[in-house]
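For reference, target_21.cif is printed below; it contains mmCIF, C-alpha atoms.
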```cif
data_my_file
#
loop_
_atom_site.label_atom_id
_atom_site.label_comp_id
_atom_site.auth_asym_id
_atom_site.auth_seq_id
_atom_site.Cartn_x
_atom_site.Cartn_y
_atom_site.Cartn_z
CA MET A 1 82.84 7.32 7.21
CA SER A 2 83.80 9.97 4.68
CA ALA A 3 82.37 10.18 1.19
CA GLU A 4 85.63 8.84 -0.22
CA GLU A 5 85.22 5.66 1.83
CA ASN A 6 81.47 5.29 1.46
CA PRO A 7 80.13 4.52 -2.01
CA ALA A 8 76.58 5.14 -0.72
CA ALA A 9 77.54 8.77 -0.07
CA GLU A 10 78.94 9.42 -3.55
CA PRO A 11 76.56 11.50 -5.65
CA ALA A 12 75.70 9.79 -8.93
CA PRO A 13 73.03 10.30 -11.57
CA VAL A 14 71.23 7.28 -13.06
CA SER A 15 72.58 6.44 -16.50
CA ASP A 16 70.05 5.99 -19.29
CA VAL A 17 70.40 2.27 -19.92
CA GLN A 18 66.92 1.75 -21.30
CA GLY A 19 67.06 4.49 -23.94
CA ASP A 20 64.21 6.90 -23.13
CA GLY A 21 65.96 9.27 -20.72
CA ARG A 22 63.20 9.10 -18.12
CA TRP A 23 65.33 9.66 -15.03
CA MET A 24 66.84 12.86 -16.35
CA SER A 25 63.42 14.02 -17.59
CA GLN A 26 62.03 13.64 -14.07
CA HIS A 27 65.04 15.41 -12.51
CA ASN A 28 64.70 18.29 -14.97
CA ARG A 29 61.00 18.60 -14.18
CA PHE A 30 61.79 18.85 -10.46
CA VAL A 31 64.44 21.53 -11.10
CA GLN A 32 61.83 23.46 -13.10
CA GLU A 33 59.28 23.06 -10.30
CA CYS A 34 61.77 24.69 -7.92
CA LYS A 35 61.67 27.82 -10.06
CA ASP A 36 57.88 28.15 -9.88
CA ALA A 37 56.80 26.71 -6.55
CA GLU A 38 57.06 27.76 -2.91
CA PRO A 39 56.66 24.49 -1.04
CA ASP A 40 56.43 24.37 2.74
CA VAL A 41 57.16 20.65 2.66
CA LEU A 42 59.48 18.80 0.31
CA PHE A 43 59.30 15.02 -0.07
CA VAL A 44 62.37 13.45 -1.64
CA GLY A 45 63.37 9.82 -2.19
CA ASP A 46 62.59 6.70 -4.17
CA SER A 47 59.38 4.99 -5.36
CA MET A 48 58.00 4.91 -1.81
CA VAL A 49 57.82 8.72 -2.08
CA GLN A 50 56.88 8.83 -5.75
CA LEU A 51 53.91 6.46 -5.53
CA MET A 52 52.42 8.30 -2.55
CA GLN A 53 51.48 11.14 -4.88
CA GLN A 54 49.36 8.81 -7.02
CA HIS A 55 46.99 8.03 -4.19
CA GLU A 56 44.07 10.06 -2.78
CA VAL A 57 45.88 10.45 0.52
CA TRP A 58 48.36 12.86 -1.10
CA ARG A 59 45.60 15.21 -2.23
CA GLU A 60 43.85 14.95 1.14
CA LEU A 61 46.74 15.27 3.57
CA PHE A 62 49.84 16.65 1.87
CA SER A 63 48.78 18.94 -0.98
CA PRO A 64 47.07 21.24 1.56
CA LEU A 65 50.45 21.59 3.29
CA HIS A 66 51.95 22.88 0.01
CA ALA A 67 54.08 19.83 -0.50
CA LEU A 68 56.24 18.96 -3.48
CA ASN A 69 57.09 15.38 -4.39
CA PHE A 70 60.57 14.69 -5.76
CA GLY A 71 60.49 10.91 -5.63
CA ILE A 72 61.99 8.76 -8.40
CA GLY A 73 61.49 5.00 -8.46
CA GLY A 74 64.67 2.95 -8.14
CA ASP A 75 66.73 5.76 -6.63
CA THR A 76 69.54 5.02 -4.18
CA THR A 77 71.12 7.45 -1.70
CA CYS A 78 73.71 8.27 -4.40
CA ASN A 79 71.04 9.33 -6.86
CA VAL A 80 69.13 11.49 -4.36
CA LEU A 81 72.39 13.13 -3.26
CA TRP A 82 73.22 13.99 -6.88
CA ARG A 83 69.75 15.42 -7.52
CA LEU A 84 69.83 17.63 -4.45
CA GLN A 85 73.28 18.92 -5.40
CA ASN A 86 72.19 19.59 -8.98
CA GLY A 87 69.24 21.92 -8.76
CA GLU A 88 66.44 20.28 -6.81
CA LEU A 89 66.95 22.59 -3.82
CA GLU A 90 67.40 25.85 -5.72
CA ASN A 91 65.11 28.76 -4.94
CA ILE A 92 62.97 26.85 -2.47
CA ARG A 93 62.85 27.12 1.30
CA PRO A 94 60.66 24.31 2.60
CA LYS A 95 60.06 24.34 6.33
CA VAL A 96 60.24 20.57 6.48
CA VAL A 97 61.95 18.01 4.27
CA VAL A 98 60.76 14.40 4.33
CA LEU A 99 63.47 11.99 3.17
CA TRP A 100 62.72 8.35 2.32
CA VAL A 101 65.50 6.45 0.55
CA GLY A 102 67.85 3.52 1.12
CA THR A 103 65.89 0.37 0.32
CA ASN A 104 67.31 0.26 -3.23
CA ASN A 105 70.98 0.44 -2.13
CA HIS A 106 71.56 -3.21 -3.03
CA GLU A 107 75.35 -2.91 -3.50
CA HIS A 108 75.89 -1.39 -0.06
CA THR A 109 76.04 -2.60 3.54
CA ALA A 110 73.72 -1.30 6.26
CA ASP A 111 76.55 0.89 7.59
CA GLN A 112 77.12 2.38 4.16
CA VAL A 113 73.41 2.99 3.56
CA ALA A 114 73.06 4.74 6.92
CA GLY A 115 76.12 6.81 6.03
CA GLY A 116 74.53 7.75 2.71
CA ILE A 117 71.33 8.87 4.42
CA LEU A 118 73.35 10.87 6.94
CA ALA A 119 75.23 12.54 4.09
CA ILE A 120 71.91 13.61 2.54
CA ALA A 121 70.66 14.92 5.90
CA GLN A 122 73.89 16.88 6.33
CA LEU A 123 73.54 18.35 2.85
CA LEU A 124 69.94 19.38 3.55
CA LEU A 125 70.89 21.02 6.83
CA SER A 126 73.74 22.93 5.21
CA LEU A 127 71.66 24.17 2.26
CA LEU A 128 68.44 24.71 4.24
CA PRO A 129 69.63 25.74 7.72
CA LYS A 130 66.16 26.71 8.91
CA SER A 131 64.45 23.50 7.81
CA LYS A 132 63.53 20.51 9.88
CA ILE A 133 64.20 17.06 8.48
CA ILE A 134 62.14 13.92 8.91
CA VAL A 135 63.88 10.74 7.81
CA LEU A 136 61.42 7.89 7.30
CA GLY A 137 62.71 4.52 8.43
CA LEU A 138 63.20 1.82 5.84
CA LEU A 139 60.29 -0.60 5.77
CA PRO A 140 60.57 -4.37 6.07
CA ARG A 141 60.17 -6.10 2.70
CA GLY A 142 59.64 -9.55 1.20
CA GLU A 143 56.82 -11.95 2.05
CA PHE A 144 58.95 -13.93 4.54
CA PRO A 145 61.93 -13.13 6.81
CA ASN A 146 64.99 -12.47 4.64
CA PRO A 147 68.35 -10.66 4.80
CA LEU A 148 66.94 -7.39 3.42
CA ARG A 149 64.61 -7.07 6.41
CA GLU A 150 67.57 -7.39 8.75
CA LYS A 151 69.59 -4.94 6.70
CA ASN A 152 66.83 -2.31 6.65
CA ALA A 153 66.28 -2.72 10.41
CA SER A 154 70.02 -2.23 10.98
CA VAL A 155 69.99 0.94 8.92
CA ASN A 156 67.12 2.25 11.04
CA ASN A 157 68.94 1.43 14.28
CA LEU A 158 72.08 3.21 13.11
CA LEU A 159 70.04 6.26 12.10
CA ARG A 160 68.09 6.35 15.33
CA ALA A 161 71.32 6.95 17.21
CA SER A 162 73.16 9.21 14.79
CA LEU A 163 70.55 11.47 13.17
CA PRO A 164 69.59 13.64 16.15
CA ARG A 165 73.25 14.59 16.64
CA LEU A 166 73.16 16.47 13.34
CA GLY A 167 70.56 19.02 14.41
CA HIS A 168 66.86 19.31 13.54
CA VAL A 169 66.64 15.78 12.15
CA GLN A 170 64.61 12.88 13.42
CA LEU A 171 63.82 9.34 12.39
CA LEU A 172 60.18 8.39 11.97
CA ASP A 173 59.73 4.63 11.81
CA VAL A 174 56.33 3.67 10.39
CA GLY A 175 57.25 0.05 9.70
CA GLY A 176 56.13 -1.45 13.01
CA SER A 177 52.79 -2.93 12.00
CA PHE A 178 53.68 -4.62 8.72
CA VAL A 179 55.24 -7.89 9.87
CA HIS A 180 52.64 -10.27 11.30
CA SER A 181 53.24 -12.70 14.16
CA ASP A 182 54.01 -15.48 11.68
CA GLY A 183 56.74 -13.36 10.12
CA THR A 184 54.85 -12.66 6.92
CA ILE A 185 53.95 -9.39 5.25
CA SER A 186 50.51 -9.26 3.67
CA SER A 187 49.92 -8.26 0.06
CA ARG A 188 47.05 -6.18 1.41
CA ASP A 189 49.74 -3.87 2.84
CA MET A 190 52.46 -4.30 0.19
CA PHE A 191 51.03 -5.50 -3.12
CA ASP A 192 54.43 -6.81 -4.24
CA PHE A 193 55.94 -7.18 -0.77
CA LEU A 194 57.80 -3.89 -1.25
CA HIS A 195 55.44 -1.15 -2.41
CA LEU A 196 52.53 0.04 -0.28
CA THR A 197 48.87 -0.32 -1.16
CA ALA A 198 46.57 2.70 -0.90
CA GLY A 199 45.37 1.45 2.49
CA ALA A 200 48.87 1.08 3.90
CA TYR A 201 49.84 4.54 2.61
CA ARG A 202 46.81 5.94 4.39
CA THR A 203 47.81 4.36 7.71
CA MET A 204 51.42 5.53 7.65
CA SER A 205 50.43 8.95 6.34
CA MET A 206 48.32 9.68 9.41
CA THR A 207 51.40 9.40 11.62
CA LEU A 208 53.56 11.40 9.24
CA HIS A 209 50.89 14.06 8.80
CA GLU A 210 50.57 14.53 12.57
CA LEU A 211 54.31 15.03 12.91
CA LEU A 212 54.36 17.45 9.98
CA LEU A 213 51.62 19.58 11.51
CA GLN A 214 53.57 19.65 14.75
CA LEU A 215 56.79 20.73 13.05
CA LEU A 216 55.06 23.28 10.82
CA ASP A 217 53.37 24.79 13.87
CA GLU A 218 56.69 25.20 15.60
CA THR A 219 58.10 27.11 12.65
CA PRO A 220 57.56 30.86 12.75
CA GLN A 221 55.29 31.89 9.88
CA GLU A 222 56.84 34.18 7.33
CA ARG A 223 54.65 37.09 6.52
CA ARG A 224 53.15 36.91 3.11
CA ALA A 225 51.23 39.81 1.71
CA SER A 226 49.08 37.51 -0.38
CA LEU A 227 47.53 35.89 2.69
CA VAL A 228 45.67 39.00 3.81
CA MET B 1 61.40 -17.75 -34.47
CA SER B 2 61.91 -20.80 -32.23
CA GLY B 3 62.22 -20.63 -28.47
CA ASP B 4 65.89 -21.65 -28.68
CA SER B 5 67.05 -18.68 -30.65
CA ASN B 6 64.70 -16.04 -29.24
CA PRO B 7 65.41 -15.00 -25.65
CA ALA B 8 62.06 -13.18 -25.55
CA ALA B 9 60.30 -16.51 -26.22
CA THR B 10 62.40 -18.68 -23.90
CA PRO B 11 60.54 -19.24 -20.61
CA THR B 12 62.72 -17.71 -17.89
CA PRO B 13 61.96 -17.12 -14.21
CA CYS B 14 63.24 -13.90 -12.63
CA GLN B 15 66.43 -14.37 -10.62
CA ASP B 16 66.30 -13.22 -6.99
CA THR B 17 69.21 -10.82 -7.18
CA GLN B 18 67.95 -8.53 -4.44
CA GLY B 19 67.56 -11.22 -1.77
CA ASP B 20 63.91 -11.12 -0.66
CA GLY B 21 62.37 -13.58 -3.13
CA ARG B 22 59.53 -11.25 -4.05
CA TRP B 23 59.04 -12.42 -7.64
CA MET B 24 58.66 -16.05 -6.62
CA SER B 25 56.36 -15.05 -3.73
CA LEU B 26 54.09 -13.29 -6.20
CA HIS B 27 54.19 -16.20 -8.67
CA ASN B 28 53.35 -18.67 -5.88
CA ARG B 29 50.47 -16.52 -4.72
CA PHE B 30 49.09 -16.38 -8.26
CA VAL B 31 49.33 -20.17 -8.55
CA SER B 32 47.47 -20.65 -5.27
CA ASP B 33 44.91 -18.01 -6.31
CA SER B 34 44.28 -20.04 -9.43
CA LYS B 35 43.39 -23.02 -7.25
CA GLY B 36 40.82 -21.17 -5.18
CA LYS B 37 39.15 -18.75 -7.55
CA GLU B 38 37.03 -18.82 -10.69
CA PRO B 39 37.78 -15.69 -12.67
CA ASP B 40 35.97 -14.88 -15.90
CA VAL B 41 38.77 -12.50 -16.86
CA LEU B 42 42.49 -12.90 -16.22
CA PHE B 43 44.85 -9.92 -16.52
CA ILE B 44 48.48 -10.88 -16.97
CA GLY B 45 51.62 -8.87 -17.66
CA ASP B 46 54.00 -6.33 -16.17
CA SER B 47 53.66 -3.30 -13.87
CA LEU B 48 51.07 -1.65 -16.10
CA ILE B 49 48.79 -4.58 -15.25
CA GLN B 50 49.96 -4.87 -11.63
CA LEU B 51 49.47 -1.21 -10.75
CA LEU B 52 46.01 -1.20 -12.34
CA HIS B 53 44.88 -3.27 -9.36
CA GLU B 54 45.93 -0.55 -6.91
CA PHE B 55 43.61 2.18 -8.15
CA GLU B 56 39.85 2.81 -7.92
CA VAL B 57 39.41 1.94 -11.60
CA TRP B 58 40.00 -1.75 -10.84
CA ARG B 59 37.27 -1.87 -8.23
CA LYS B 60 34.84 0.06 -10.45
CA LEU B 61 35.40 -1.54 -13.85
CA PHE B 62 37.11 -4.90 -13.48
CA SER B 63 36.21 -6.45 -10.12
CA PRO B 64 32.57 -6.64 -11.23
CA LEU B 65 33.70 -8.75 -14.19
CA HIS B 66 35.25 -11.31 -11.78
CA ALA B 67 38.80 -10.53 -12.77
CA LEU B 68 42.13 -11.69 -11.40
CA ASN B 69 45.34 -9.69 -11.69
CA PHE B 70 48.59 -11.57 -12.32
CA GLY B 71 50.81 -8.59 -13.09
CA ILE B 72 54.43 -8.37 -11.91
CA GLY B 73 56.45 -5.18 -12.28
CA GLY B 74 59.54 -5.53 -14.45
CA ASP B 75 58.36 -8.64 -16.24
CA ALA B 76 59.30 -9.14 -19.88
CA THR B 77 57.69 -11.67 -22.23
CA GLN B 78 60.02 -14.52 -21.20
CA HIS B 79 59.02 -14.09 -17.53
CA VAL B 80 55.29 -14.11 -18.24
CA LEU B 81 55.79 -17.18 -20.45
CA TRP B 82 57.53 -19.02 -17.62
CA ARG B 83 54.77 -18.12 -15.15
CA LEU B 84 52.01 -19.37 -17.44
CA ILE B 85 53.79 -22.65 -18.12
CA ASN B 86 54.49 -23.13 -14.40
CA GLY B 87 51.06 -23.12 -12.85
CA GLU B 88 49.35 -19.76 -13.23
CA LEU B 89 46.85 -21.10 -15.77
CA ASP B 90 46.22 -24.42 -14.09
CA HIS B 91 42.84 -24.85 -12.37
CA ILE B 92 41.17 -21.78 -13.91
CA SER B 93 39.16 -21.27 -17.05
CA PRO B 94 38.68 -17.57 -17.67
CA LYS B 95 36.72 -16.62 -20.78
CA VAL B 96 39.02 -13.71 -21.56
CA VAL B 97 42.75 -13.31 -20.94
CA VAL B 98 44.10 -9.76 -21.14
CA LEU B 99 47.82 -9.69 -21.93
CA TRP B 100 49.95 -6.55 -21.53
CA VAL B 101 53.70 -7.16 -21.75
CA GLY B 102 56.68 -6.25 -23.91
CA THR B 103 57.78 -2.79 -22.83
CA ASN B 104 60.40 -4.27 -20.46
CA ASN B 105 62.04 -6.43 -23.15
CA HIS B 106 65.20 -4.32 -23.20
CA GLY B 107 67.82 -5.42 -25.70
CA HIS B 108 65.30 -7.38 -27.77
CA THR B 109 64.28 -6.45 -31.30
CA PRO B 110 60.63 -5.83 -32.20
CA GLU B 111 60.65 -9.19 -34.03
CA GLN B 112 61.90 -10.97 -30.91
CA ILE B 113 59.29 -9.26 -28.76
CA LEU B 114 56.59 -10.28 -31.26
CA GLY B 115 57.90 -13.85 -30.96
CA GLY B 116 57.65 -13.63 -27.18
CA ILE B 117 54.09 -12.31 -27.27
CA MET B 118 52.99 -14.99 -29.76
CA ALA B 119 54.63 -17.71 -27.65
CA ILE B 120 52.48 -16.52 -24.74
CA VAL B 121 49.36 -16.41 -26.93
CA ASN B 122 50.05 -20.01 -28.00
CA VAL B 123 50.54 -21.28 -24.43
CA ILE B 124 47.28 -19.63 -23.38
CA HIS B 125 45.49 -21.27 -26.30
CA GLN B 126 46.96 -24.70 -25.47
CA LYS B 127 45.98 -24.51 -21.81
CA LEU B 128 42.70 -22.64 -22.25
CA PRO B 129 41.35 -23.64 -25.67
CA HIS B 130 38.05 -21.83 -25.08
CA ALA B 131 39.49 -18.52 -23.93
CA HIS B 132 39.83 -15.40 -26.02
CA THR B 133 43.13 -13.55 -25.64
CA LEU B 134 43.15 -9.78 -25.85
CA VAL B 135 46.65 -8.46 -26.54
CA LEU B 136 47.05 -4.84 -25.49
CA GLY B 137 49.24 -2.52 -27.54
CA LEU B 138 52.40 -1.18 -25.94
CA LEU B 139 52.20 2.46 -24.92
CA PRO B 140 54.64 5.15 -25.98
CA ARG B 141 57.14 6.05 -23.25
CA GLY B 142 59.71 8.67 -22.37
CA LYS B 143 59.08 12.40 -22.21
CA SER B 144 60.33 13.08 -25.74
CA PRO B 145 60.67 11.01 -28.94
CA ASN B 146 63.15 8.17 -28.45
CA PRO B 147 64.01 4.71 -29.87
CA LEU B 148 61.78 2.85 -27.39
CA ARG B 149 58.72 4.59 -28.77
CA GLU B 150 59.66 3.40 -32.24
CA ARG B 151 60.34 -0.09 -30.95
CA ASN B 152 56.94 -0.28 -29.22
CA THR B 153 55.15 1.05 -32.31
CA SER B 154 56.84 -1.60 -34.43
CA VAL B 155 55.87 -4.37 -32.00
CA ASN B 156 52.26 -3.20 -32.07
CA ALA B 157 52.09 -3.17 -35.87
CA GLN B 158 53.54 -6.67 -36.06
CA VAL B 159 51.29 -8.11 -33.37
CA GLN B 160 48.24 -6.55 -34.96
CA ALA B 161 49.13 -8.14 -38.32
CA GLU B 162 49.96 -11.50 -36.78
CA VAL B 163 46.69 -11.90 -34.85
CA ALA B 164 44.42 -10.62 -37.63
CA SER B 165 43.90 -14.15 -38.95
CA LEU B 166 43.33 -15.77 -35.54
CA SER B 167 39.78 -16.10 -34.26
CA HIS B 168 40.75 -16.59 -30.63
CA VAL B 169 42.99 -13.49 -30.37
CA SER B 170 42.41 -9.75 -30.75
CA PHE B 171 44.68 -6.73 -30.56
CA LEU B 172 43.59 -3.53 -28.77
CA ASP B 173 45.45 -0.25 -29.20
CA MET B 174 45.62 1.28 -25.73
CA ASP B 175 46.96 4.72 -26.65
CA PRO B 176 44.25 7.40 -26.46
CA GLY B 177 46.72 9.95 -27.78
CA PHE B 178 49.26 10.40 -25.02
CA ILE B 179 51.79 12.03 -27.32
CA GLN B 180 51.06 15.75 -27.48
CA SER B 181 51.53 17.96 -30.54
CA ASP B 182 55.08 18.84 -29.50
CA GLY B 183 55.99 15.14 -29.23
CA SER B 184 56.03 15.11 -25.45
CA ILE B 185 54.15 12.96 -22.97
CA ALA B 186 52.69 14.82 -19.99
CA HIS B 187 53.55 13.81 -16.44
CA GLN B 188 49.85 14.21 -15.64
CA ASP B 189 49.40 11.06 -17.76
CA MET B 190 52.64 9.20 -16.97
CA TYR B 191 54.22 10.43 -13.74
CA ASP B 192 57.59 8.93 -14.70
CA TYR B 193 56.96 8.87 -18.46
CA LEU B 194 56.24 5.12 -18.31
CA HIS B 195 53.66 4.37 -15.62
CA LEU B 196 50.09 5.66 -15.77
CA THR B 197 48.52 8.06 -13.29
CA PRO B 198 45.06 7.15 -11.98
CA GLN B 199 43.49 9.64 -14.41
CA ALA B 200 45.33 8.11 -17.38
CA TYR B 201 44.22 4.65 -16.28
CA GLN B 202 40.62 5.92 -16.32
CA ARG B 203 41.15 7.09 -19.91
CA VAL B 204 42.64 3.86 -21.24
CA CYS B 205 40.37 1.54 -19.27
CA GLN B 206 37.04 2.75 -20.60
CA PRO B 207 37.56 1.26 -24.09
CA LEU B 208 39.28 -1.78 -22.57
CA HIS B 209 36.29 -2.39 -20.34
CA GLU B 210 33.90 -2.11 -23.30
CA CYS B 211 36.01 -4.53 -25.31
CA ILE B 212 36.16 -7.12 -22.55
CA LYS B 213 32.42 -6.86 -21.93
CA SER B 214 31.64 -7.45 -25.59
CA LEU B 215 34.01 -10.44 -25.66
CA LEU B 216 32.32 -11.88 -22.56
CA ASP B 217 28.91 -11.41 -24.17
CA LYS B 218 30.05 -13.27 -27.29
CA GLN B 219 31.36 -16.26 -25.33
CA ALA B 220 29.00 -19.19 -24.79
CA PRO B 221 27.61 -19.03 -21.19
#
```

Show the structure stored in the file as structure tokens.
Amino acid sequence: MSAEENPAAEPAPVSDVQGDGRWMSQHNRFVQECKDAEPDVLFVGDSMVQLMQQHEVWRELFSPLHALNFGIGGDTTCNVLWRLQNGELENIRPKVVVLWVGTNNHEHTADQVAGGILAIAQLLLSLLPKSKIIVLGLLPRGEFPNPLREKNASVNNLLRASLPRLGHVQLLDVGGSFVHSDGTISSRDMFDFLHLTAGAYRTMSMTLHELLLQLLDETPQERRASLV
Amino acid sequence: MSGDSNPAATPTPCQDTQGDGRWMSLHNRFVSDSKGKEPDVLFIGDSLIQLLHEFEVWRKLFSPLHALNFGIGGDATQHVLWRLINGELDHISPKVVVLWVGTNNHGHTPEQILGGIMAIVNVIHQKLPHAHTLVLGLLPRGKSPNPLRERNTSVNAQVQAEVASLSHVSFLDMDPGFIQSDGSIAHQDMYDYLHLTPQAYQRVCQPLHECIKSLLDKQAP
């Protein structure tokens, strides 16, 4: 599916409907951070990424890996694509990029969302040819079974097959434990049946952290004079 | 302003446009919580209330006060009004109700938002005649000066004036000085220039905690 056919793969900024320009302020801050920082890991995506940085687990597990967090709540694949094409990858060479986006693509089908995520992965690989990409699977959502759970699962299945063909990209699905045998999701894991609690972030971060360490180990270290 | 002509004061549930019924799930959980629990303090409002529950500060300062959290992200005054009329206040008798809502009332004037907040205050008083309502001031938002900051400031001034004569309601200004000398708000305080970081929550919650404690002490045991 080309970008012309897939609306989920069309880069688009968020327009300032509310009147306080917050989305653009956050984007500009990230562009500025690219000028000053030398991250080894870049996290990019929606509120699932953004909120992670507000919990202890970020300071404990990801800050030590020199990670930057470019998450913006509400973002779709279109918004992330636009941000990455408009400055958020300039001057940085992260060894690993963690991408988590797609659950907010309400206007798009599962096929289109998967296509949007693939387009972002392709962009990352073309601009950062030495980086490895981890795409986090979309989590189930809602207290009870509902169409969005099926949609997100479909997206994950499509990605599982198509991502590895692009190169150093893999899908990491951390959503397995959230749906209980009675089909419900607990508010102890997702306080609003969408966003993760501190405890749930901690659990999924362990898995992600392990994979990051593995990928960072595989990457040849660049010599830096400052480390001596 | 009557409920008919003020959308901010017309009880309205949130429509399930996304397809996973999360708003109603949360409302239903709050209603069933109100059947099982006996809170002394009830927090109700939007994401600024909801997210408060997710950080250490809740466990340290508010759990010990036997508090319940009925916050839902995105809620405007008309949504909170609907929730309170439709079960969330039944079966409980908290001594203090903490209300923080209004910043999501997009498209409404400060006067309409005031009307929405006062409609909520009145419903609380009808259902819980012995409770004291603490209305929290809306915070500034956005990285730089913008119309929403002015709107929120205007709402605060009007609410403060309106509740001055009421013995069962107080207004608390929640802004410890987030706006810096150059007019900007720091992302260390509001990571998206709207929602509070854990450290900013610590800052605003100290005085809130003191205020609630003194209200609890004043109430008859």

Selection near stretch 28-43 of chain A, 9 Å with all atoms listed in the file, sequence-local residues under 6 positions removed, as a PyMOL selection string: chain A and resi 49-50+62+65-71+83+86-100+212+216

Within 7 Å of chain B: residues of chain A, using all atoms listed in the file, as a list in words: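 Here is what falls inside 7 Å: Gln18, Gly19, Asp20, Gly21, Arg22, Ser25, Gln26, Gln54, His106, Gly142, Glu143, Asn146, Pro147, Leu148, Asp192, Phe193, Thr197 and Ala198 of chain A.
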
Point-to-point distance in Å for atom CA of B:His79 and atom CA of A:Leu138: 28.6 Å

Picked residues, the PyMOL selection byres ((chain B and resi 205) around 10), expected as a PyMOL selection string: chain B and resi 52+57-58+61-62+174+199-204+206-211

Close residues, A:Ala161 itself excluded, 12 Å, all atoms listed in the file, min 4 positions apart in chain, as number ranges by chain: A: 114, 118, 154-157, 165-166, 169-171

Test item: residues at most 12 Å from B:Thr153, all atoms listed in the file, excluding those fewer than 6 positions along its chain, as a PyMOL selection string: chain B and resi 102-103+109-111+113-114+137-141+145-147+159-160+173-175

Expected selection from the PyMOL selection byres ((chain A and resi 109) around 10), given as JSON, numbers by chain: {"A": [6, 7, 8, 105, 106, 107, 108, 110, 111, 112, 113, 114, 115, 151, 152, 154, 155]}

Length of the atom CA of B:Asp75 to atom CA of B:Gln180 vector [Å]: 27.8 Å

Atom CA of B:Gln78 to atom CA of B:Arg59, distance in Å rounded to a single decimal: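 Separation of atom CA of B:Gln78 and atom CA of B:Arg59: 29.1 Å.
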
Neighbour residues at most 8 Å from (70.2, 7.7, -7.7) (all atoms listed in the file) as a list in words: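 Nearby residues: Pro11, Ala12, Pro13, Val14, Gly74, Asp75, Thr76, Thr77, Cys78, Asn79, Val80, Leu81, Trp82 and Arg83 of chain A.
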
Write the residues of the preceding selection, restricted to C-alpha atoms, as an mmCIF file, keeping the file's coordinate frame.
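Output contents, as saved in again_29.cif:
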```
data_model
loop_
_atom_site.group_PDB
_atom_site.id
_atom_site.type_symbol
_atom_site.label_atom_id
_atom_site.label_comp_id
_atom_site.auth_asym_id
_atom_site.auth_seq_id
_atom_site.Cartn_x
_atom_site.Cartn_y
_atom_site.Cartn_z
ATOM 1 C CA PRO A 11 76.560 11.500 -5.650
ATOM 2 C CA ALA A 12 75.700 9.790 -8.930
ATOM 3 C CA PRO A 13 73.030 10.300 -11.570
ATOM 4 C CA VAL A 14 71.230 7.280 -13.060
ATOM 5 C CA GLY A 74 64.670 2.950 -8.140
ATOM 6 C CA ASP A 75 66.730 5.760 -6.630
ATOM 7 C CA THR A 76 69.540 5.020 -4.180
ATOM 8 C CA THR A 77 71.120 7.450 -1.700
ATOM 9 C CA CYS A 78 73.710 8.270 -4.400
ATOM 10 C CA ASN A 79 71.040 9.330 -6.860
ATOM 11 C CA VAL A 80 69.130 11.490 -4.360
ATOM 12 C CA LEU A 81 72.390 13.130 -3.260
ATOM 13 C CA TRP A 82 73.220 13.990 -6.880
ATOM 14 C CA ARG A 83 69.750 15.420 -7.520
#
```

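With distances taken over only C-alpha atoms, B:Gly115 is the one residue among B:Glu88, B:Gly115, B:Ser63, B:Leu99 lying closest to B:Thr10.
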
Each side padded by 4 Å, which centre and which edge lengths in Å (one decimal) define the axis-aligned box around the listed atoms of stretch 91-106 of chain A? Give them as JSON.
```
{"center_x": 65.8, "center_y": 12.8, "center_z": 0.8, "size_x": 19.5, "size_y": 40.0, "size_z": 19.4}
```

Result set of the PyMOL selection byres ((chain B and resi 12) around 10) on the coordinates above, as a PyMOL selection string: chain B and resi 7-11+13-15+76-83
